[in-house]
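Below is start.txt, holding compact mmCIF, N, CA and C atoms and all ligand atoms.
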```txt
# COMPACT_ATOMS: atom_id res chain seq x y z
N MET A 1 -0.74 15.13 -8.79
CA MET A 1 -1.68 14.16 -8.19
C MET A 1 -1.24 13.83 -6.77
N ARG A 2 -2.20 13.81 -5.88
CA ARG A 2 -1.92 13.42 -4.49
C ARG A 2 -1.99 11.89 -4.39
N VAL A 3 -0.95 11.27 -3.81
CA VAL A 3 -0.92 9.81 -3.69
C VAL A 3 -0.60 9.44 -2.24
N LEU A 4 -1.48 8.65 -1.64
CA LEU A 4 -1.17 8.08 -0.33
C LEU A 4 -0.74 6.64 -0.53
N VAL A 5 0.47 6.32 -0.03
CA VAL A 5 0.98 4.94 -0.04
C VAL A 5 0.74 4.42 1.37
N LEU A 6 -0.17 3.47 1.49
CA LEU A 6 -0.61 3.01 2.81
C LEU A 6 -0.20 1.56 3.02
N ASN A 7 0.61 1.35 4.05
CA ASN A 7 1.11 0.02 4.36
C ASN A 7 0.53 -0.48 5.67
N GLY A 8 0.08 -1.71 5.67
CA GLY A 8 -0.58 -2.30 6.82
C GLY A 8 0.35 -3.08 7.74
N PRO A 9 -0.21 -4.04 8.46
CA PRO A 9 0.47 -4.66 9.58
C PRO A 9 1.74 -5.41 9.20
N ASN A 10 2.72 -5.25 10.06
CA ASN A 10 4.02 -5.93 9.98
C ASN A 10 4.95 -5.34 8.92
N LEU A 11 4.45 -4.40 8.12
CA LEU A 11 5.32 -3.84 7.08
C LEU A 11 6.33 -2.84 7.64
N GLY A 12 6.11 -2.39 8.87
CA GLY A 12 7.13 -1.58 9.54
C GLY A 12 8.35 -2.39 9.91
N ARG A 13 8.24 -3.72 9.81
CA ARG A 13 9.33 -4.63 10.17
C ARG A 13 10.16 -5.05 8.95
N LEU A 14 9.87 -4.43 7.82
CA LEU A 14 10.64 -4.77 6.61
C LEU A 14 12.14 -4.61 6.90
N GLY A 15 12.92 -5.48 6.29
CA GLY A 15 14.36 -5.45 6.51
C GLY A 15 14.79 -6.57 7.43
N THR A 16 14.00 -6.74 8.53
CA THR A 16 14.31 -7.86 9.43
C THR A 16 13.26 -8.96 9.30
N ARG A 17 12.07 -8.60 8.78
CA ARG A 17 10.97 -9.57 8.67
C ARG A 17 11.20 -10.50 7.48
N GLU A 18 11.35 -11.79 7.72
CA GLU A 18 11.47 -12.80 6.66
C GLU A 18 12.15 -12.23 5.40
N PRO A 19 13.43 -11.89 5.50
CA PRO A 19 14.09 -11.24 4.35
C PRO A 19 14.12 -12.11 3.09
N ASP A 20 14.02 -13.43 3.27
CA ASP A 20 13.98 -14.31 2.10
C ASP A 20 12.69 -14.10 1.30
N VAL A 21 11.64 -13.63 1.97
CA VAL A 21 10.34 -13.39 1.31
C VAL A 21 10.22 -11.92 0.89
N TYR A 22 10.61 -11.01 1.80
CA TYR A 22 10.32 -9.59 1.58
C TYR A 22 11.54 -8.74 1.22
N GLY A 23 12.75 -9.37 1.22
CA GLY A 23 13.95 -8.62 0.86
C GLY A 23 14.55 -7.89 2.04
N SER A 24 15.61 -7.14 1.76
CA SER A 24 16.39 -6.51 2.85
C SER A 24 16.08 -5.03 3.03
N ALA A 25 15.30 -4.44 2.14
CA ALA A 25 14.97 -3.02 2.28
C ALA A 25 14.09 -2.80 3.51
N THR A 26 14.37 -1.73 4.24
CA THR A 26 13.58 -1.39 5.42
C THR A 26 12.39 -0.51 5.01
N HIS A 27 11.48 -0.26 5.96
CA HIS A 27 10.36 0.63 5.65
C HIS A 27 10.87 2.05 5.37
N ASP A 28 11.93 2.45 6.07
CA ASP A 28 12.53 3.76 5.78
C ASP A 28 13.06 3.81 4.35
N ASP A 29 13.66 2.70 3.89
CA ASP A 29 14.15 2.64 2.49
C ASP A 29 12.96 2.79 1.53
N LEU A 30 11.85 2.12 1.89
CA LEU A 30 10.63 2.19 1.05
C LEU A 30 10.11 3.63 0.98
N VAL A 31 10.13 4.32 2.12
CA VAL A 31 9.69 5.72 2.15
C VAL A 31 10.59 6.56 1.25
N ALA A 32 11.91 6.34 1.35
CA ALA A 32 12.86 7.11 0.54
C ALA A 32 12.63 6.84 -0.95
N LEU A 33 12.41 5.58 -1.29
CA LEU A 33 12.15 5.21 -2.69
C LEU A 33 10.89 5.90 -3.22
N CYS A 34 9.82 5.86 -2.43
CA CYS A 34 8.56 6.45 -2.89
C CYS A 34 8.68 7.97 -2.97
N THR A 35 9.36 8.57 -2.00
CA THR A 35 9.49 10.03 -1.98
C THR A 35 10.30 10.51 -3.17
N SER A 36 11.45 9.85 -3.43
CA SER A 36 12.29 10.31 -4.55
C SER A 36 11.61 10.01 -5.88
N THR A 37 10.93 8.87 -5.99
CA THR A 37 10.21 8.57 -7.23
C THR A 37 9.10 9.59 -7.46
N GLY A 38 8.39 9.93 -6.40
CA GLY A 38 7.33 10.93 -6.50
C GLY A 38 7.87 12.27 -6.97
N GLU A 39 9.02 12.67 -6.41
CA GLU A 39 9.62 13.95 -6.83
C GLU A 39 9.96 13.93 -8.31
N GLN A 40 10.56 12.81 -8.76
CA GLN A 40 10.93 12.70 -10.19
C GLN A 40 9.71 12.77 -11.09
N LEU A 41 8.61 12.21 -10.61
CA LEU A 41 7.42 12.10 -11.46
C LEU A 41 6.45 13.26 -11.28
N GLY A 42 6.74 14.14 -10.34
CA GLY A 42 5.84 15.27 -10.09
C GLY A 42 4.58 14.88 -9.34
N LEU A 43 4.69 13.82 -8.54
CA LEU A 43 3.55 13.39 -7.72
C LEU A 43 3.76 13.84 -6.29
N ASP A 44 2.66 14.12 -5.60
CA ASP A 44 2.71 14.51 -4.19
C ASP A 44 2.46 13.23 -3.38
N VAL A 45 3.57 12.58 -2.95
CA VAL A 45 3.47 11.24 -2.36
C VAL A 45 3.71 11.30 -0.85
N GLU A 46 2.83 10.61 -0.12
CA GLU A 46 3.02 10.46 1.32
C GLU A 46 2.89 8.99 1.67
N VAL A 47 3.84 8.49 2.47
CA VAL A 47 3.85 7.07 2.84
C VAL A 47 3.53 6.93 4.33
N ARG A 48 2.63 6.03 4.64
CA ARG A 48 2.27 5.77 6.05
C ARG A 48 2.22 4.26 6.29
N GLN A 49 2.44 3.88 7.55
CA GLN A 49 2.34 2.45 7.92
C GLN A 49 1.65 2.35 9.26
N THR A 50 0.77 1.37 9.40
CA THR A 50 0.11 1.13 10.69
C THR A 50 -0.14 -0.36 10.90
N ASP A 51 -0.14 -0.72 12.18
CA ASP A 51 -0.53 -2.08 12.56
C ASP A 51 -1.97 -2.12 13.08
N HIS A 52 -2.66 -0.95 12.98
CA HIS A 52 -4.00 -0.83 13.57
C HIS A 52 -5.06 -0.65 12.48
N GLU A 53 -5.98 -1.58 12.43
CA GLU A 53 -6.97 -1.61 11.35
C GLU A 53 -7.82 -0.34 11.31
N GLY A 54 -8.23 0.15 12.48
CA GLY A 54 -9.07 1.35 12.52
C GLY A 54 -8.32 2.56 11.97
N GLU A 55 -7.03 2.63 12.23
CA GLU A 55 -6.23 3.74 11.71
C GLU A 55 -6.18 3.67 10.18
N MET A 56 -6.03 2.47 9.67
CA MET A 56 -6.02 2.31 8.20
C MET A 56 -7.37 2.72 7.60
N VAL A 57 -8.45 2.32 8.24
CA VAL A 57 -9.79 2.70 7.76
C VAL A 57 -9.90 4.23 7.73
N GLY A 58 -9.42 4.89 8.78
CA GLY A 58 -9.45 6.36 8.83
C GLY A 58 -8.63 6.98 7.71
N TRP A 59 -7.46 6.42 7.41
CA TRP A 59 -6.61 6.95 6.33
C TRP A 59 -7.30 6.78 4.97
N LEU A 60 -8.03 5.68 4.81
CA LEU A 60 -8.75 5.47 3.54
C LEU A 60 -9.90 6.48 3.41
N HIS A 61 -10.55 6.79 4.54
CA HIS A 61 -11.59 7.84 4.50
C HIS A 61 -10.96 9.17 4.11
N GLU A 62 -9.78 9.46 4.68
CA GLU A 62 -9.08 10.71 4.38
C GLU A 62 -8.73 10.78 2.89
N ALA A 63 -8.21 9.66 2.35
CA ALA A 63 -7.87 9.61 0.92
C ALA A 63 -9.11 9.84 0.07
N THR A 64 -10.23 9.28 0.50
CA THR A 64 -11.50 9.48 -0.22
C THR A 64 -11.88 10.95 -0.23
N ASP A 65 -11.80 11.59 0.93
CA ASP A 65 -12.19 13.00 1.04
C ASP A 65 -11.25 13.90 0.24
N LEU A 66 -9.97 13.49 0.13
CA LEU A 66 -8.99 14.26 -0.65
C LEU A 66 -9.11 13.99 -2.15
N GLY A 67 -9.79 12.91 -2.51
CA GLY A 67 -9.82 12.48 -3.91
C GLY A 67 -8.46 11.95 -4.35
N ALA A 68 -7.66 11.46 -3.38
CA ALA A 68 -6.30 11.01 -3.67
C ALA A 68 -6.28 9.61 -4.30
N ALA A 69 -5.18 9.33 -5.02
CA ALA A 69 -4.89 7.96 -5.45
C ALA A 69 -4.27 7.23 -4.26
N VAL A 70 -4.47 5.92 -4.22
CA VAL A 70 -3.93 5.12 -3.11
C VAL A 70 -3.17 3.92 -3.65
N VAL A 71 -1.96 3.73 -3.11
CA VAL A 71 -1.23 2.48 -3.29
C VAL A 71 -1.35 1.77 -1.95
N LEU A 72 -2.03 0.64 -1.94
CA LEU A 72 -2.38 -0.02 -0.67
C LEU A 72 -1.74 -1.39 -0.58
N ASN A 73 -0.81 -1.52 0.39
CA ASN A 73 -0.37 -2.86 0.77
C ASN A 73 -1.01 -3.13 2.12
N ALA A 74 -2.12 -3.84 2.10
CA ALA A 74 -2.90 -4.07 3.32
C ALA A 74 -2.37 -5.26 4.11
N GLY A 75 -1.23 -5.84 3.68
CA GLY A 75 -0.67 -6.97 4.42
C GLY A 75 -1.72 -8.06 4.61
N ALA A 76 -1.74 -8.63 5.79
CA ALA A 76 -2.67 -9.74 6.06
C ALA A 76 -4.13 -9.33 5.95
N TRP A 77 -4.44 -8.04 6.16
CA TRP A 77 -5.85 -7.59 6.04
C TRP A 77 -6.38 -7.84 4.64
N THR A 78 -5.48 -7.86 3.66
CA THR A 78 -5.85 -8.15 2.28
C THR A 78 -6.76 -9.37 2.18
N HIS A 79 -6.48 -10.34 3.04
CA HIS A 79 -7.09 -11.66 2.88
C HIS A 79 -8.41 -11.83 3.62
N TYR A 80 -8.72 -10.85 4.52
CA TYR A 80 -9.95 -11.06 5.29
C TYR A 80 -10.68 -9.81 5.78
N SER A 81 -10.08 -8.62 5.65
CA SER A 81 -10.71 -7.47 6.31
C SER A 81 -11.78 -6.80 5.45
N ILE A 82 -13.04 -7.06 5.79
CA ILE A 82 -14.14 -6.42 5.07
C ILE A 82 -14.19 -4.93 5.42
N ALA A 83 -13.71 -4.57 6.63
CA ALA A 83 -13.69 -3.15 7.00
C ALA A 83 -12.74 -2.36 6.10
N VAL A 84 -11.57 -2.92 5.83
CA VAL A 84 -10.61 -2.25 4.93
C VAL A 84 -11.17 -2.23 3.51
N ARG A 85 -11.77 -3.33 3.09
CA ARG A 85 -12.39 -3.35 1.75
C ARG A 85 -13.48 -2.27 1.63
N ASP A 86 -14.37 -2.21 2.63
CA ASP A 86 -15.48 -1.26 2.55
C ASP A 86 -14.97 0.18 2.52
N ALA A 87 -13.88 0.45 3.25
CA ALA A 87 -13.29 1.79 3.22
C ALA A 87 -12.65 2.05 1.86
N ALA A 88 -11.93 1.06 1.33
CA ALA A 88 -11.25 1.24 0.04
C ALA A 88 -12.27 1.38 -1.10
N ALA A 89 -13.43 0.75 -0.94
CA ALA A 89 -14.46 0.81 -1.99
C ALA A 89 -15.01 2.22 -2.17
N GLN A 90 -14.82 3.08 -1.16
CA GLN A 90 -15.34 4.45 -1.26
C GLN A 90 -14.41 5.39 -2.03
N LEU A 91 -13.16 4.95 -2.26
CA LEU A 91 -12.17 5.84 -2.90
C LEU A 91 -12.69 6.36 -4.23
N ARG A 92 -12.33 7.60 -4.53
CA ARG A 92 -12.74 8.20 -5.80
C ARG A 92 -11.60 8.18 -6.80
N GLY A 93 -10.36 8.11 -6.31
CA GLY A 93 -9.18 8.03 -7.19
C GLY A 93 -8.82 6.57 -7.43
N PRO A 94 -7.77 6.35 -8.26
CA PRO A 94 -7.34 4.98 -8.53
C PRO A 94 -6.80 4.28 -7.28
N LEU A 95 -7.00 2.97 -7.24
CA LEU A 95 -6.49 2.15 -6.13
C LEU A 95 -5.59 1.07 -6.71
N VAL A 96 -4.32 1.09 -6.30
CA VAL A 96 -3.38 0.03 -6.67
C VAL A 96 -3.20 -0.87 -5.46
N GLU A 97 -3.60 -2.13 -5.60
CA GLU A 97 -3.33 -3.13 -4.56
C GLU A 97 -1.93 -3.66 -4.79
N LEU A 98 -1.12 -3.64 -3.76
CA LEU A 98 0.29 -4.01 -3.94
C LEU A 98 0.73 -5.05 -2.92
N HIS A 99 1.52 -6.00 -3.38
CA HIS A 99 2.18 -6.96 -2.49
C HIS A 99 3.63 -7.08 -2.90
N ILE A 100 4.50 -7.04 -1.92
CA ILE A 100 5.94 -7.15 -2.18
C ILE A 100 6.25 -8.55 -2.72
N SER A 101 5.65 -9.55 -2.08
CA SER A 101 5.86 -10.93 -2.52
C SER A 101 4.80 -11.32 -3.54
N ASN A 102 5.09 -12.39 -4.28
CA ASN A 102 4.08 -12.95 -5.18
C ASN A 102 3.18 -13.86 -4.36
N VAL A 103 2.07 -13.30 -3.90
CA VAL A 103 1.18 -14.04 -3.00
C VAL A 103 0.65 -15.33 -3.63
N HIS A 104 0.62 -15.39 -4.94
CA HIS A 104 0.08 -16.57 -5.63
C HIS A 104 1.06 -17.74 -5.64
N ARG A 105 2.31 -17.47 -5.27
CA ARG A 105 3.29 -18.56 -5.15
C ARG A 105 3.40 -19.03 -3.71
N ARG A 106 2.57 -18.50 -2.84
CA ARG A 106 2.71 -18.78 -1.41
C ARG A 106 1.52 -19.60 -0.90
N GLU A 107 1.31 -19.60 0.42
CA GLU A 107 0.24 -20.41 1.01
C GLU A 107 -1.11 -20.07 0.38
N SER A 108 -2.00 -21.07 0.33
CA SER A 108 -3.28 -20.86 -0.36
C SER A 108 -4.12 -19.76 0.29
N PHE A 109 -3.96 -19.54 1.62
CA PHE A 109 -4.77 -18.49 2.25
C PHE A 109 -4.39 -17.09 1.75
N ARG A 110 -3.22 -16.99 1.09
CA ARG A 110 -2.82 -15.69 0.53
C ARG A 110 -3.32 -15.50 -0.91
N HIS A 111 -3.93 -16.53 -1.47
CA HIS A 111 -4.36 -16.42 -2.88
C HIS A 111 -5.62 -15.60 -3.03
N HIS A 112 -6.42 -15.51 -1.96
CA HIS A 112 -7.65 -14.73 -2.05
C HIS A 112 -7.45 -13.34 -1.46
N SER A 113 -7.92 -12.34 -2.20
CA SER A 113 -7.88 -10.96 -1.73
C SER A 113 -9.30 -10.40 -1.73
N VAL A 114 -9.65 -9.71 -0.64
CA VAL A 114 -10.96 -9.05 -0.60
C VAL A 114 -10.89 -7.68 -1.28
N LEU A 115 -9.71 -7.33 -1.79
CA LEU A 115 -9.51 -6.01 -2.41
C LEU A 115 -9.44 -6.04 -3.93
N SER A 116 -9.00 -7.16 -4.50
CA SER A 116 -8.65 -7.16 -5.94
C SER A 116 -9.81 -6.75 -6.84
N ASP A 117 -11.04 -7.14 -6.48
CA ASP A 117 -12.15 -6.83 -7.38
C ASP A 117 -12.63 -5.37 -7.28
N ILE A 118 -12.10 -4.64 -6.30
CA ILE A 118 -12.40 -3.19 -6.27
C ILE A 118 -11.18 -2.35 -6.62
N ALA A 119 -10.01 -3.03 -6.81
CA ALA A 119 -8.79 -2.30 -7.16
C ALA A 119 -8.78 -1.95 -8.64
N THR A 120 -8.10 -0.85 -8.96
CA THR A 120 -7.89 -0.51 -10.37
C THR A 120 -6.93 -1.53 -10.98
N GLY A 121 -5.89 -1.88 -10.23
CA GLY A 121 -4.92 -2.88 -10.68
C GLY A 121 -4.20 -3.46 -9.49
N VAL A 122 -3.51 -4.58 -9.73
CA VAL A 122 -2.83 -5.32 -8.67
C VAL A 122 -1.39 -5.57 -9.08
N LEU A 123 -0.46 -5.30 -8.16
CA LEU A 123 0.95 -5.61 -8.40
C LEU A 123 1.41 -6.54 -7.29
N ALA A 124 2.08 -7.63 -7.65
CA ALA A 124 2.58 -8.56 -6.64
C ALA A 124 3.84 -9.23 -7.15
N GLY A 125 4.84 -9.33 -6.27
CA GLY A 125 6.01 -10.13 -6.60
C GLY A 125 7.20 -9.35 -7.12
N PHE A 126 7.10 -8.03 -7.16
CA PHE A 126 8.21 -7.23 -7.68
C PHE A 126 9.05 -6.61 -6.57
N GLY A 127 8.89 -7.12 -5.35
CA GLY A 127 9.64 -6.57 -4.23
C GLY A 127 9.22 -5.12 -3.97
N VAL A 128 10.08 -4.37 -3.27
CA VAL A 128 9.71 -2.97 -3.01
C VAL A 128 9.72 -2.14 -4.29
N ASP A 129 10.35 -2.66 -5.33
CA ASP A 129 10.33 -1.96 -6.63
C ASP A 129 8.90 -1.83 -7.17
N GLY A 130 8.00 -2.69 -6.68
CA GLY A 130 6.59 -2.58 -7.08
C GLY A 130 6.01 -1.21 -6.76
N TYR A 131 6.48 -0.60 -5.68
CA TYR A 131 5.97 0.73 -5.31
C TYR A 131 6.35 1.75 -6.39
N ARG A 132 7.59 1.63 -6.90
CA ARG A 132 8.03 2.53 -7.98
C ARG A 132 7.17 2.30 -9.23
N LEU A 133 6.92 1.03 -9.54
CA LEU A 133 6.10 0.71 -10.72
C LEU A 133 4.69 1.29 -10.57
N ALA A 134 4.14 1.18 -9.37
CA ALA A 134 2.79 1.71 -9.12
C ALA A 134 2.77 3.23 -9.33
N LEU A 135 3.80 3.91 -8.81
CA LEU A 135 3.84 5.37 -8.93
C LEU A 135 4.04 5.78 -10.39
N GLU A 136 4.86 5.02 -11.12
CA GLU A 136 5.06 5.34 -12.54
C GLU A 136 3.75 5.22 -13.31
N TRP A 137 2.96 4.20 -12.99
CA TRP A 137 1.67 4.03 -13.67
C TRP A 137 0.73 5.19 -13.29
N LEU A 138 0.70 5.53 -12.01
CA LEU A 138 -0.19 6.60 -11.56
C LEU A 138 0.16 7.93 -12.24
N ALA A 139 1.47 8.16 -12.43
CA ALA A 139 1.91 9.44 -13.02
C ALA A 139 1.41 9.58 -14.46
N LYS A 140 1.09 8.47 -15.10
CA LYS A 140 0.61 8.51 -16.49
C LYS A 140 -0.90 8.73 -16.59
N GLN A 141 -1.58 8.68 -15.44
CA GLN A 141 -3.05 8.80 -15.50
C GLN A 141 -3.45 10.27 -15.61
N PRO A 142 -4.52 10.55 -16.32
CA PRO A 142 -4.95 11.96 -16.50
C PRO A 142 -5.42 12.57 -15.18
C1 LIG A 201 2.08 -8.93 1.70
C2 LIG A 201 1.54 -10.35 1.52
C3 LIG A 201 0.54 -10.70 2.61
O1 LIG A 201 0.06 -12.02 2.42
C4 LIG A 201 1.20 -10.63 3.97
O2 LIG A 201 0.28 -10.90 5.00
C5 LIG A 201 1.91 -9.35 4.20
C6 LIG A 201 2.63 -8.72 3.11
C7 LIG A 201 3.19 -8.59 0.70
O3 LIG A 201 3.54 -7.41 0.62
O4 LIG A 201 3.72 -9.47 0.03
O5 LIG A 201 1.94 -8.84 5.32
O6 LIG A 201 0.99 -8.01 1.49
```

As structure tokens, what does this structure read like?
Amino acid sequence: MRVLVLNGPNLGRLGTREPDVYGSATHDDLVALCTSTGEQLGLDVEVRQTDHEGEMVGWLHEATDLGAAVVLNAGAWTHYSIAVRDAAAQLRGPLVELHISNVHRRESFRHHSVLSDIATGVLAGFGVDGYRLALEWLAKQP
């Protein structure tokens, strides 16, 4: 199965960004975790990160055209971007919405997601280990 792990704004700053909230793993560590987990599970995993909304929309179109599964941490776009939602709504494969932090324990503006009702499932609060959990679930899908 082809899996695109797509990370949105500020996630390239993992490791130095609010480590009390997001932990000490860097984005490179996250890439290594996803790549090695994908190899173990027999998944074809590619990880990307962007701070640009249009680039993310383009990657979601690409995932749609590939029929790929997507693990999407849309960062702050989660809470307001109808453009990202509309692109994600076109996906033909499973969509896992992922958050490193437990957004429901945080500020109220993080409690609403424009993605959750179109996602196959949502993971939040398991740190970067959530990416491994998402890939393990995807590997079990037919
Ligand atoms: C996040 C949570 C969002 O509220 C925030 O804007 C992020 C990261 C998370 O992974 O916990 O950038 O998606």

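Compared by their closest atoms to Leu11 of chain A, and using all atoms listed in the file, the residues A:His27, A:Arg92, A:His111, A:His52 rank with A:His27 nearest.
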
Report task. Find the residues near Ala68 of chain A: any atom within 8 Å, counting all atoms listed in the file, skip ones fewer than 6 places away on the same chain, and give them as a list of chain:residue names. Result ->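 Residues near the query, excluding close chain neighbours: A:Met1, A:Arg2, A:Val3, A:Leu4, A:Glu62, A:Leu91, A:Arg92, A:Gly93, A:Pro94, A:Leu95.
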
Requested in this report: Pick out the closest residue to Thr26 of chain A from this set: A:Ala83, A:Arg13, A:His99, A:Asp65. Count all atoms listed in the file.
Outcome: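 Of the candidates, the smallest distance to Thr26 of chain A is held by A:Arg13.
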
Report task. Write out as a list in words which residues come within 5 Å of Leu72 of chain A when counting all atoms listed in the file, dropping same-chain ones fewer than 6 positions away. Result -> Leu6, Val96, Glu97 and Leu98 of chain A

Query - Top pick for closest residue to Leu33 of chain A, considering A:Arg132, A:Trp59, A:His104, A:Ala119 and counting only N, CA and C atoms - result: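 When distances to Leu33 of chain A are compared using only N, CA and C atoms, the smallest one comes from A:Arg132.
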
**Report entry** Every residue of chain A that DSSP places in strand (DSSP E), as a ChimeraX atom specification
**Finding:** /A:2-7,44-49,69-73,95-99,121-124

Report task. Provide the atom C of Pro9 of chain A to atom N of Asp51 of chain A distance in Å, to one decimal place. Result ->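 Answer for the atom C of Pro9 of chain A to atom N of Asp51 of chain A separation: 5.9 Å.
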
Query raised in the report: At most 10 Å from (8.0, -6.0, -5.8), file frame, only C-alpha atoms: which residues, as a ChimeraX atom specification?
Result: /A:22-23,98-102,123-134

Same residues, N, CA and C atoms, output as a CSV table (one decimal), in the coordinates of the input:
```csv
chain,number,residue,atom,x,y,z
A,22,TYR,N,10.6,-11.0,1.8
A,22,TYR,CA,10.3,-9.6,1.6
A,22,TYR,C,11.5,-8.7,1.2
A,23,GLY,N,12.8,-9.4,1.2
A,23,GLY,CA,14.0,-8.6,0.9
A,23,GLY,C,14.6,-7.9,2.0
A,98,LEU,N,-1.1,-3.6,-3.8
A,98,LEU,CA,0.3,-4.0,-3.9
A,98,LEU,C,0.7,-5.0,-2.9
A,99,HIS,N,1.5,-6.0,-3.4
A,99,HIS,CA,2.2,-7.0,-2.5
A,99,HIS,C,3.6,-7.1,-2.9
A,100,ILE,N,4.5,-7.0,-1.9
A,100,ILE,CA,5.9,-7.2,-2.2
A,100,ILE,C,6.2,-8.6,-2.7
A,101,SER,N,5.6,-9.6,-2.1
A,101,SER,CA,5.9,-10.9,-2.5
A,101,SER,C,4.8,-11.3,-3.5
A,102,ASN,N,5.1,-12.4,-4.3
A,102,ASN,CA,4.1,-13.0,-5.2
A,102,ASN,C,3.2,-13.9,-4.4
A,123,LEU,N,-0.5,-5.3,-8.2
A,123,LEU,CA,1.0,-5.6,-8.4
A,123,LEU,C,1.4,-6.5,-7.3
A,124,ALA,N,2.1,-7.6,-7.6
A,124,ALA,CA,2.6,-8.6,-6.6
A,124,ALA,C,3.8,-9.2,-7.2
A,125,GLY,N,4.8,-9.3,-6.3
A,125,GLY,CA,6.0,-10.1,-6.6
A,125,GLY,C,7.2,-9.4,-7.1
A,126,PHE,N,7.1,-8.0,-7.2
A,126,PHE,CA,8.2,-7.2,-7.7
A,126,PHE,C,9.0,-6.6,-6.6
A,127,GLY,N,8.9,-7.1,-5.4
A,127,GLY,CA,9.6,-6.6,-4.2
A,127,GLY,C,9.2,-5.1,-4.0
A,128,VAL,N,10.1,-4.4,-3.3
A,128,VAL,CA,9.7,-3.0,-3.0
A,128,VAL,C,9.7,-2.1,-4.3
A,129,ASP,N,10.4,-2.7,-5.3
A,129,ASP,CA,10.3,-2.0,-6.6
A,129,ASP,C,8.9,-1.8,-7.2
A,130,GLY,N,8.0,-2.7,-6.7
A,130,GLY,CA,6.6,-2.6,-7.1
A,130,GLY,C,6.0,-1.2,-6.8
A,131,TYR,N,6.5,-0.6,-5.7
A,131,TYR,CA,6.0,0.7,-5.3
A,131,TYR,C,6.4,1.8,-6.4
A,132,ARG,N,7.6,1.6,-6.9
A,132,ARG,CA,8.0,2.5,-8.0
A,132,ARG,C,7.2,2.3,-9.2
A,133,LEU,N,6.9,1.0,-9.5
A,133,LEU,CA,6.1,0.7,-10.7
A,133,LEU,C,4.7,1.3,-10.6
A,134,ALA,N,4.1,1.2,-9.4
A,134,ALA,CA,2.8,1.7,-9.1
A,134,ALA,C,2.8,3.2,-9.3
```

**Report entry** Nearest-residue call for Val71 of chain A, choices A:Arg48, A:Arg105, A:Arg85, A:Arg110, using only C-alpha atoms
**Finding:**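 So, comparing all the options, the nearest one is A:Arg48.
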
Requested in this report: Find the distance between atom CA of Val45 of chain A and atom CA of His61 of chain A and write it in Å to one decimal.
Outcome: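 Between atom CA of Val45 of chain A and atom CA of His61 of chain A the gap works out to 16.9 Å.
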
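Look at Val57 of chain A: the protein and nucleic acid residues within 6 Å of it, using only C-alpha atoms and passing over chain neighbours fewer than 2 places away, are A:Gly54, A:Glu55, A:Trp59, A:Leu60, A:Val84, A:Ala87.
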
With N, CA and C atoms kept, could you save the residues just selected as a CSV table (one decimal), in the frame of the given file?
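Writing the result to again-v5.csv gives the following:
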```csv
chain,number,residue,atom,x,y,z
A,54,GLY,N,-8.2,0.2,12.5
A,54,GLY,CA,-9.1,1.4,12.5
A,54,GLY,C,-8.3,2.6,12.0
A,55,GLU,N,-7.0,2.6,12.2
A,55,GLU,CA,-6.2,3.7,11.7
A,55,GLU,C,-6.2,3.7,10.2
A,59,TRP,N,-7.5,6.4,7.4
A,59,TRP,CA,-6.6,7.0,6.3
A,59,TRP,C,-7.3,6.8,5.0
A,60,LEU,N,-8.0,5.7,4.8
A,60,LEU,CA,-8.8,5.5,3.5
A,60,LEU,C,-9.9,6.5,3.4
A,84,VAL,N,-11.6,-2.9,5.8
A,84,VAL,CA,-10.6,-2.2,4.9
A,84,VAL,C,-11.2,-2.2,3.5
A,87,ALA,N,-13.9,0.4,3.2
A,87,ALA,CA,-13.3,1.8,3.2
A,87,ALA,C,-12.6,2.0,1.9
```

Report task. Compare A:Thr35, A:Ser108, A:Thr16, A:Thr64 by their minimum atom-to-atom distance to Ala88 of chain A, counting only C-alpha atoms, and give me the closest one. Result -> A:Thr64
